[in-house]
file upload24.cif (mmCIF, C-alpha atoms)
data_my_file
#
loop_
_atom_site.group_PDB
_atom_site.id
_atom_site.type_symbol
_atom_site.label_atom_id
_atom_site.label_comp_id
_atom_site.auth_asym_id
_atom_site.auth_seq_id
_atom_site.Cartn_x
_atom_site.Cartn_y
_atom_site.Cartn_z
ATOM 1 C CA MET A 1 -104.160 81.573 144.027
ATOM 2 C CA ASN A 2 -106.597 83.094 141.589
ATOM 3 C CA GLY A 3 -107.515 86.071 143.777
ATOM 4 C CA LYS A 4 -110.965 84.791 144.750
ATOM 5 C CA LEU A 5 -111.959 85.738 148.309
ATOM 6 C CA ARG A 6 -114.804 84.540 150.515
ATOM 7 C CA ASN A 7 -115.588 86.889 153.440
ATOM 8 C CA MET A 8 -117.588 85.433 156.311
ATOM 9 C CA ALA A 9 -118.474 86.624 159.806
ATOM 10 C CA THR A 10 -119.246 84.419 162.806
ATOM 11 C CA ILE A 11 -120.388 85.162 166.336
ATOM 12 C CA TYR A 12 -120.144 82.875 169.345
ATOM 13 C CA ILE A 13 -122.777 83.853 171.893
ATOM 14 C CA LYS A 14 -122.015 82.868 175.466
ATOM 15 C CA ASN A 15 -124.273 82.300 178.444
ATOM 16 C CA ASN A 16 -122.301 81.504 181.601
ATOM 17 C CA ASP A 17 -120.214 78.378 180.822
ATOM 18 C CA LYS A 18 -122.052 77.564 177.574
ATOM 19 C CA VAL A 19 -121.832 78.760 173.994
ATOM 20 C CA LEU A 20 -124.603 78.712 171.390
ATOM 21 C CA LEU A 21 -123.729 76.471 168.446
ATOM 22 C CA LEU A 22 -125.565 75.809 165.215
ATOM 23 C CA ASP A 23 -125.580 72.354 163.622
ATOM 24 C CA ARG A 24 -125.485 73.847 160.129
ATOM 25 C CA ILE A 25 -127.470 71.689 157.718
ATOM 26 C CA GLY A 26 -127.343 72.155 153.954
ATOM 27 C CA SER A 27 -124.496 74.665 153.712
ATOM 28 C CA MET A 28 -122.796 74.968 150.332
ATOM 29 C CA VAL A 29 -119.533 76.089 152.005
ATOM 30 C CA VAL A 30 -119.020 73.795 155.009
ATOM 31 C CA SER A 31 -119.985 70.169 155.508
ATOM 32 C CA ARG A 32 -122.496 69.463 158.234
ATOM 33 C CA SER A 33 -120.871 70.592 161.452
ATOM 34 C CA TRP A 34 -121.356 72.664 164.589
ATOM 35 C CA CYS A 35 -120.376 76.302 164.270
ATOM 36 C CA GLY A 36 -121.229 79.778 165.466
ATOM 37 C CA ILE A 37 -123.950 81.984 164.050
ATOM 38 C CA GLY A 38 -123.010 83.766 160.849
ATOM 39 C CA GLY A 39 -122.432 83.658 157.142
ATOM 40 C CA HIS A 40 -121.281 85.578 154.106
ATOM 41 C CA PHE A 41 -120.894 89.323 153.741
ATOM 42 C CA GLU A 42 -123.295 91.232 151.532
ATOM 43 C CA LYS A 43 -121.623 93.600 149.045
ATOM 44 C CA CYS A 44 -122.522 96.635 151.161
ATOM 45 C CA GLU A 45 -120.788 95.047 154.205
ATOM 46 C CA LEU A 46 -117.339 94.400 152.691
ATOM 47 C CA ASN A 47 -115.728 96.986 154.971
ATOM 48 C CA ASP A 48 -117.902 96.296 158.016
ATOM 49 C CA ALA A 49 -117.593 92.825 159.554
ATOM 50 C CA LYS A 50 -119.708 93.875 162.536
ATOM 51 C CA ALA A 51 -122.616 94.835 160.264
ATOM 52 C CA ALA A 52 -122.351 91.457 158.518
ATOM 53 C CA VAL A 53 -122.342 89.430 161.735
ATOM 54 C CA LEU A 54 -125.231 91.430 163.254
ATOM 55 C CA ARG A 55 -127.340 90.980 160.104
ATOM 56 C CA GLU A 56 -126.615 87.234 159.993
ATOM 57 C CA MET A 57 -127.400 86.893 163.707
ATOM 58 C CA ASN A 58 -130.722 88.670 163.270
ATOM 59 C CA GLU A 59 -131.638 86.581 160.206
ATOM 60 C CA GLU A 60 -130.671 83.255 161.786
ATOM 61 C CA ILE A 61 -131.801 83.586 165.410
ATOM 62 C CA GLY A 62 -133.802 86.823 165.590
ATOM 63 C CA ILE A 63 -131.728 88.817 168.034
ATOM 64 C CA ALA A 64 -130.076 92.235 167.699
ATOM 65 C CA GLU A 65 -126.994 93.923 169.126
ATOM 66 C CA ASN A 66 -128.992 95.268 172.090
ATOM 67 C CA ASP A 67 -129.613 91.625 173.145
ATOM 68 C CA LEU A 68 -125.870 91.245 173.768
ATOM 69 C CA ASP A 69 -123.267 92.433 176.240
ATOM 70 C CA ASN A 70 -119.515 92.639 175.666
ATOM 71 C CA LEU A 71 -119.627 92.280 171.886
ATOM 72 C CA CYS A 72 -116.003 91.891 170.823
ATOM 73 C CA PHE A 73 -114.259 91.360 167.486
ATOM 74 C CA LYS A 74 -111.587 88.878 168.593
ATOM 75 C CA TYR A 75 -110.101 86.952 165.629
ATOM 76 C CA ILE A 76 -109.568 87.208 161.898
ATOM 77 C CA ALA A 77 -108.678 83.905 160.262
ATOM 78 C CA LEU A 78 -107.271 83.146 156.808
ATOM 79 C CA ARG A 79 -107.356 79.758 155.086
ATOM 80 C CA PHE A 80 -107.062 78.580 151.483
ATOM 81 C CA VAL A 81 -109.875 76.183 150.562
ATOM 82 C CA LYS A 82 -110.747 75.046 147.041
ATOM 83 C CA ASP A 83 -108.639 77.720 145.340
ATOM 84 C CA GLU A 84 -110.090 80.628 147.298
ATOM 85 C CA LEU A 85 -108.942 82.534 150.341
ATOM 86 C CA ARG A 86 -111.541 82.291 153.086
ATOM 87 C CA ILE A 87 -111.461 85.198 155.487
ATOM 88 C CA ASN A 88 -113.534 84.711 158.622
ATOM 89 C CA TYR A 89 -114.133 87.429 161.182
ATOM 90 C CA TYR A 90 -114.920 85.964 164.626
ATOM 91 C CA PHE A 91 -116.887 87.838 167.275
ATOM 92 C CA PHE A 92 -117.811 86.845 170.839
ATOM 93 C CA ALA A 93 -120.555 88.227 173.073
ATOM 94 C CA ASP A 94 -122.608 87.461 176.176
ATOM 95 C CA LEU A 95 -126.353 86.984 175.860
ATOM 96 C CA LYS A 96 -128.443 89.316 178.004
ATOM 97 C CA ASN A 97 -130.877 87.607 180.368
ATOM 98 C CA ASN A 98 -133.972 89.072 178.705
ATOM 99 C CA ALA A 99 -132.996 88.170 175.111
ATOM 100 C CA ASN A 100 -135.367 85.894 173.194
ATOM 101 C CA ILE A 101 -133.654 83.643 170.679
ATOM 102 C CA ASN A 102 -135.655 82.195 167.798
ATOM 103 C CA TYR A 103 -134.807 78.501 168.105
ATOM 104 C CA ASP A 104 -136.761 77.715 164.921
ATOM 105 C CA CYS A 105 -133.697 78.444 162.780
ATOM 106 C CA ASP A 106 -133.827 77.767 159.022
ATOM 107 C CA GLU A 107 -130.061 77.110 158.951
ATOM 108 C CA GLY A 108 -130.036 74.087 161.279
ATOM 109 C CA ILE A 109 -130.364 73.046 164.909
ATOM 110 C CA LEU A 110 -129.300 75.295 167.797
ATOM 111 C CA ASP A 111 -127.821 73.951 171.025
ATOM 112 C CA TRP A 112 -126.181 75.450 174.108
ATOM 113 C CA VAL A 113 -122.923 73.538 174.598
ATOM 114 C CA ASP A 114 -120.638 73.550 177.631
ATOM 115 C CA PHE A 115 -117.204 74.922 176.767
ATOM 116 C CA ALA A 116 -115.797 71.710 178.260
ATOM 117 C CA ASP A 117 -117.781 69.623 175.726
ATOM 118 C CA LEU A 118 -116.745 71.458 172.536
ATOM 119 C CA ASN A 119 -114.250 68.716 171.649
ATOM 120 C CA ASN A 120 -117.184 66.313 171.347
ATOM 121 C CA ARG A 121 -118.757 68.349 168.512
ATOM 122 C CA LYS A 122 -117.638 68.158 164.896
ATOM 123 C CA MET A 123 -116.642 71.720 163.964
ATOM 124 C CA PRO A 124 -115.017 73.247 160.870
ATOM 125 C CA TYR A 125 -111.220 73.050 161.178
ATOM 126 C CA THR A 126 -110.623 76.789 161.591
ATOM 127 C CA ALA A 127 -113.474 77.087 164.114
ATOM 128 C CA GLN A 128 -111.903 74.284 166.194
ATOM 129 C CA ILE A 129 -108.623 76.186 166.300
ATOM 130 C CA ILE A 130 -110.312 79.470 167.212
ATOM 131 C CA MET A 131 -112.413 77.941 169.994
ATOM 132 C CA LYS A 132 -109.467 76.010 171.475
ATOM 133 C CA HIS A 133 -107.365 79.175 171.555
ATOM 134 C CA TYR A 134 -110.246 81.272 172.896
ATOM 135 C CA ILE A 135 -110.855 78.890 175.806
ATOM 136 C CA GLU A 136 -107.163 78.511 176.669
ATOM 137 C CA ILE A 137 -105.991 82.099 176.098
ATOM 138 C CA GLY A 138 -108.257 84.484 174.215
ATOM 139 C CA MET A 139 -111.091 84.822 176.706
ATOM 140 C CA ASN A 140 -108.620 86.010 179.338
ATOM 141 C CA THR A 141 -107.002 88.793 177.307
ATOM 142 C CA ASN A 142 -107.998 92.020 175.611
ATOM 143 C CA ASP A 143 -105.861 91.099 172.606
ATOM 144 C CA PHE A 144 -107.076 90.724 169.038
ATOM 145 C CA TYR A 145 -105.646 87.787 167.077
ATOM 146 C CA THR A 146 -104.756 87.050 163.478
ATOM 147 C CA VAL A 147 -104.871 83.385 162.521
ATOM 148 C CA SER A 148 -103.502 81.684 159.428
ATOM 149 C CA VAL A 149 -104.360 78.050 158.866
ATOM 150 C CA ASP A 150 -103.354 75.394 156.376
ATOM 151 C CA ASP A 151 -103.279 71.608 156.536
ATOM 152 C CA GLU A 152 -99.848 71.582 158.189
ATOM 153 C CA ASN A 153 -99.492 74.858 160.089
ATOM 154 C CA VAL A 154 -101.445 77.108 162.381
ATOM 155 C CA THR A 155 -100.105 80.543 163.253
ATOM 156 C CA ILE A 156 -101.855 82.707 165.834
ATOM 157 C CA VAL A 157 -100.458 86.174 166.435
ATOM 158 C CA PRO A 158 -101.755 88.609 169.047
ATOM 159 C CA MET A 159 -102.163 92.221 168.008
ATOM 160 C CA ARG A 160 -102.354 94.356 171.090
ATOM 161 C CA ILE A 161 -104.926 97.099 170.778
ATOM 162 C CA HIS A 162 -103.817 100.472 172.111
ATOM 163 C CA ASN A 163 -106.556 102.920 172.999
#
call {"tool": "encode", "arguments": {"input": "upload24.cif", "output": "structure tokens"}}
result
Amino acid sequence: MNGKLRNMATIYIKNNDKVLLLDRIGSMVVSRSWCGIGGHFEKCELNDAKAAVLREMNEEIGIAENDLDNLCFKYIALRFVKDELRINYYFFADLKNNANINYDCDEGILDWVDFADLNNRKMPYTAQIIMKHYIEIGMNTNDFYTVSVDDENVTIVPMRIHN
């Protein structure tokens, strides 16, 4: 490990039993696949994952935090890829009824996908793990989760938040 880090933030926006996915085309980091809305941190966001994900969401689909309900930071995932540690901060939220998404996204093609059909979409490896866990466990708890992923092991640990 050479100490190189890549910080990214992703949000999965829900609407009833569907989640908004982006068929990301032309990414230099991930091969063409379906993923949430998001991207890399700017230097000024290194200590604020929420600011990074809200900026990316606004840039990619034109909505703001006030277009969402139940915004929740739910997972932080770590994975070594190409001699760098990728750190991805995963958020989930519900879309408000009056929100207007810009479907003319420069990053790729947007689609509302049934949670039951997520297995039929090619997703980045870590995103697959997060979404499987979220559907089976995460969406029904108030816990926050740390996730470490490599080619042979996946470790998901709940961190109970005490208010």
call {"tool": "closest_residue", "arguments": {"input": "upload24.cif", "among": "A:Asp111, A:Asp104, A:Asp143, A:Asp94", "to": "Asn16 (chain A)", "atoms": "only C-alpha atoms"}}
result
A:Asp94
call {"tool": "closest_residue", "arguments": {"input": "upload24.cif", "among": "A:Gly39, A:Met139, A:Gly3, A:Thr155", "to": "Ala51 (chain A)", "atoms": "all atoms listed in the file"}}
result
A:Gly39
call {"tool": "resolve_selection", "arguments": {"input": "upload24.cif", "expression": "the PyMOL selection byres ((chain A and resi 157) around 6)", "output": "ChimeraX atom specification"}}
result
/A:145-146,156,158
call {"tool": "write_last_selection", "arguments": {"input": "upload24.cif", "atoms": "C-alpha atoms", "output": "PDB file, in the frame of the given file"}}
result
ATOM      1  CA  TYR A 145    -105.646  87.787 167.077  1.00  0.00           C
ATOM      2  CA  THR A 146    -104.756  87.050 163.478  1.00  0.00           C
ATOM      3  CA  ILE A 156    -101.855  82.707 165.834  1.00  0.00           C
ATOM      4  CA  PRO A 158    -101.755  88.609 169.047  1.00  0.00           C
TER       5      PRO A 158
END
call {"tool": "residues_near_point", "arguments": {"input": "upload24.cif", "point": "(-104.9, 76.3, 141.0)", "cutoff": "12 Å", "atoms": "all atoms listed in the file", "output": "PyMOL selection string"}}
result
chain A and resi 1-4+80-85
call {"tool": "closest_residue", "arguments": {"input": "upload24.cif", "among": "A:Glu60, A:Asp69, A:Glu136, A:Glu152", "to": "Asp106 (chain A)", "atoms": "all atoms listed in the file"}}
result
A:Glu60
call {"tool": "resolve_selection", "arguments": {"input": "upload24.cif", "expression": "the PyMOL selection byres ((chain A and resi 23) around 12)", "output": "PyMOL selection string"}}
result
chain A and resi 20-22+24-27+30-37+103+105-113+121-124
call {"tool": "axis_aligned_box", "arguments": {"input": "upload24.cif", "around": "region 127-145 of chain A", "padding_each_side": "3 Å", "output": "AutoDock Vina command-line options"}}
result
--center_x -109.6 --center_y 83.2 --center_z 171.7 --size_x 13.8 --size_y 23.7 --size_z 21.2
call {"tool": "closest_residue", "arguments": {"input": "upload24.cif", "among": "A:Asn88, A:Asn70, A:Asn15, A:Asn58", "to": "Thr126 (chain A)", "atoms": "all atoms listed in the file"}}
result
A:Asn88
call {"tool": "resolve_selection", "arguments": {"input": "upload24.cif", "expression": "the PyMOL selection byres ((chain A and resi 56) around 9)", "output": "count of residues only"}}
result
17
call {"tool": "build_atoms", "arguments": {"input": "upload24.cif", "residues": "region 105-116 of chain A", "atoms": "all heavy atoms", "output": "compact mmCIF listing (two decimals), keeping the file's coordinate frame"}}
result
# COMPACT_ATOMS: atom_id res chain seq x y z
N CYS A 105 -134.67 77.89 163.72
CA CYS A 105 -133.70 78.44 162.78
C CYS A 105 -133.74 77.67 161.46
O CYS A 105 -133.68 76.44 161.45
CB CYS A 105 -132.30 78.36 163.41
SG CYS A 105 -130.99 78.95 162.35
N ASP A 106 -133.81 78.39 160.35
CA ASP A 106 -133.83 77.77 159.02
C ASP A 106 -132.48 77.16 158.64
O ASP A 106 -132.42 76.37 157.70
CB ASP A 106 -134.21 78.80 157.96
CG ASP A 106 -135.64 79.27 158.08
OD1 ASP A 106 -136.45 78.55 158.70
OD2 ASP A 106 -135.94 80.36 157.56
N GLU A 107 -131.41 77.55 159.32
CA GLU A 107 -130.06 77.11 158.95
C GLU A 107 -129.67 75.77 159.57
O GLU A 107 -128.70 75.16 159.15
CB GLU A 107 -129.04 78.16 159.38
CG GLU A 107 -129.26 79.53 158.79
CD GLU A 107 -128.88 79.61 157.32
OE1 GLU A 107 -127.98 78.85 156.89
OE2 GLU A 107 -129.48 80.43 156.62
N GLY A 108 -130.39 75.33 160.61
CA GLY A 108 -130.04 74.09 161.28
C GLY A 108 -130.58 74.05 162.69
O GLY A 108 -131.56 74.71 163.02
N ILE A 109 -129.92 73.29 163.53
CA ILE A 109 -130.36 73.05 164.91
C ILE A 109 -129.45 73.79 165.88
O ILE A 109 -128.23 73.68 165.80
CB ILE A 109 -130.34 71.53 165.21
CG1 ILE A 109 -131.25 70.79 164.24
CG2 ILE A 109 -130.72 71.26 166.66
CD1 ILE A 109 -131.01 69.30 164.19
N LEU A 110 -130.05 74.55 166.79
CA LEU A 110 -129.30 75.30 167.80
C LEU A 110 -129.17 74.49 169.08
O LEU A 110 -130.08 73.76 169.46
CB LEU A 110 -130.01 76.62 168.11
CG LEU A 110 -130.08 77.62 166.97
CD1 LEU A 110 -131.05 78.74 167.32
CD2 LEU A 110 -128.71 78.17 166.65
N ASP A 111 -128.03 74.65 169.76
CA ASP A 111 -127.82 73.95 171.02
C ASP A 111 -126.83 74.75 171.87
O ASP A 111 -125.84 75.26 171.35
CB ASP A 111 -127.27 72.54 170.77
CG ASP A 111 -127.29 71.67 172.01
OD1 ASP A 111 -128.00 71.99 172.99
OD2 ASP A 111 -126.59 70.63 172.00
N TRP A 112 -127.12 74.86 173.16
CA TRP A 112 -126.18 75.45 174.11
C TRP A 112 -125.23 74.35 174.55
O TRP A 112 -125.65 73.32 175.08
CB TRP A 112 -126.91 76.03 175.31
CG TRP A 112 -127.64 77.29 174.99
CD1 TRP A 112 -128.98 77.42 174.73
CD2 TRP A 112 -127.07 78.60 174.87
NE1 TRP A 112 -129.28 78.73 174.46
CE2 TRP A 112 -128.12 79.48 174.53
CE3 TRP A 112 -125.78 79.10 174.99
CZ2 TRP A 112 -127.91 80.84 174.33
CZ3 TRP A 112 -125.57 80.45 174.80
CH2 TRP A 112 -126.62 81.30 174.48
N VAL A 113 -123.93 74.56 174.34
CA VAL A 113 -122.92 73.54 174.60
C VAL A 113 -121.95 74.04 175.64
O VAL A 113 -121.47 75.18 175.55
CB VAL A 113 -122.17 73.20 173.28
CG1 VAL A 113 -121.10 72.15 173.53
CG2 VAL A 113 -123.15 72.73 172.21
N ASP A 114 -121.65 73.21 176.63
CA ASP A 114 -120.64 73.55 177.63
C ASP A 114 -119.30 73.73 176.93
O ASP A 114 -118.95 72.93 176.05
CB ASP A 114 -120.49 72.44 178.67
CG ASP A 114 -121.64 72.38 179.64
OD1 ASP A 114 -122.25 73.42 179.93
OD2 ASP A 114 -121.92 71.26 180.12
N PHE A 115 -118.54 74.74 177.33
CA PHE A 115 -117.20 74.92 176.77
C PHE A 115 -116.38 73.65 176.91
O PHE A 115 -115.62 73.29 176.02
CB PHE A 115 -116.48 76.09 177.45
CG PHE A 115 -116.86 77.43 176.90
CD1 PHE A 115 -117.67 78.29 177.62
CD2 PHE A 115 -116.40 77.84 175.66
CE1 PHE A 115 -118.02 79.54 177.11
CE2 PHE A 115 -116.74 79.09 175.14
CZ PHE A 115 -117.55 79.93 175.87
N ALA A 116 -116.56 72.94 178.02
CA ALA A 116 -115.80 71.71 178.26
C ALA A 116 -116.17 70.60 177.29
O ALA A 116 -115.40 69.65 177.12
CB ALA A 116 -116.02 71.24 179.70
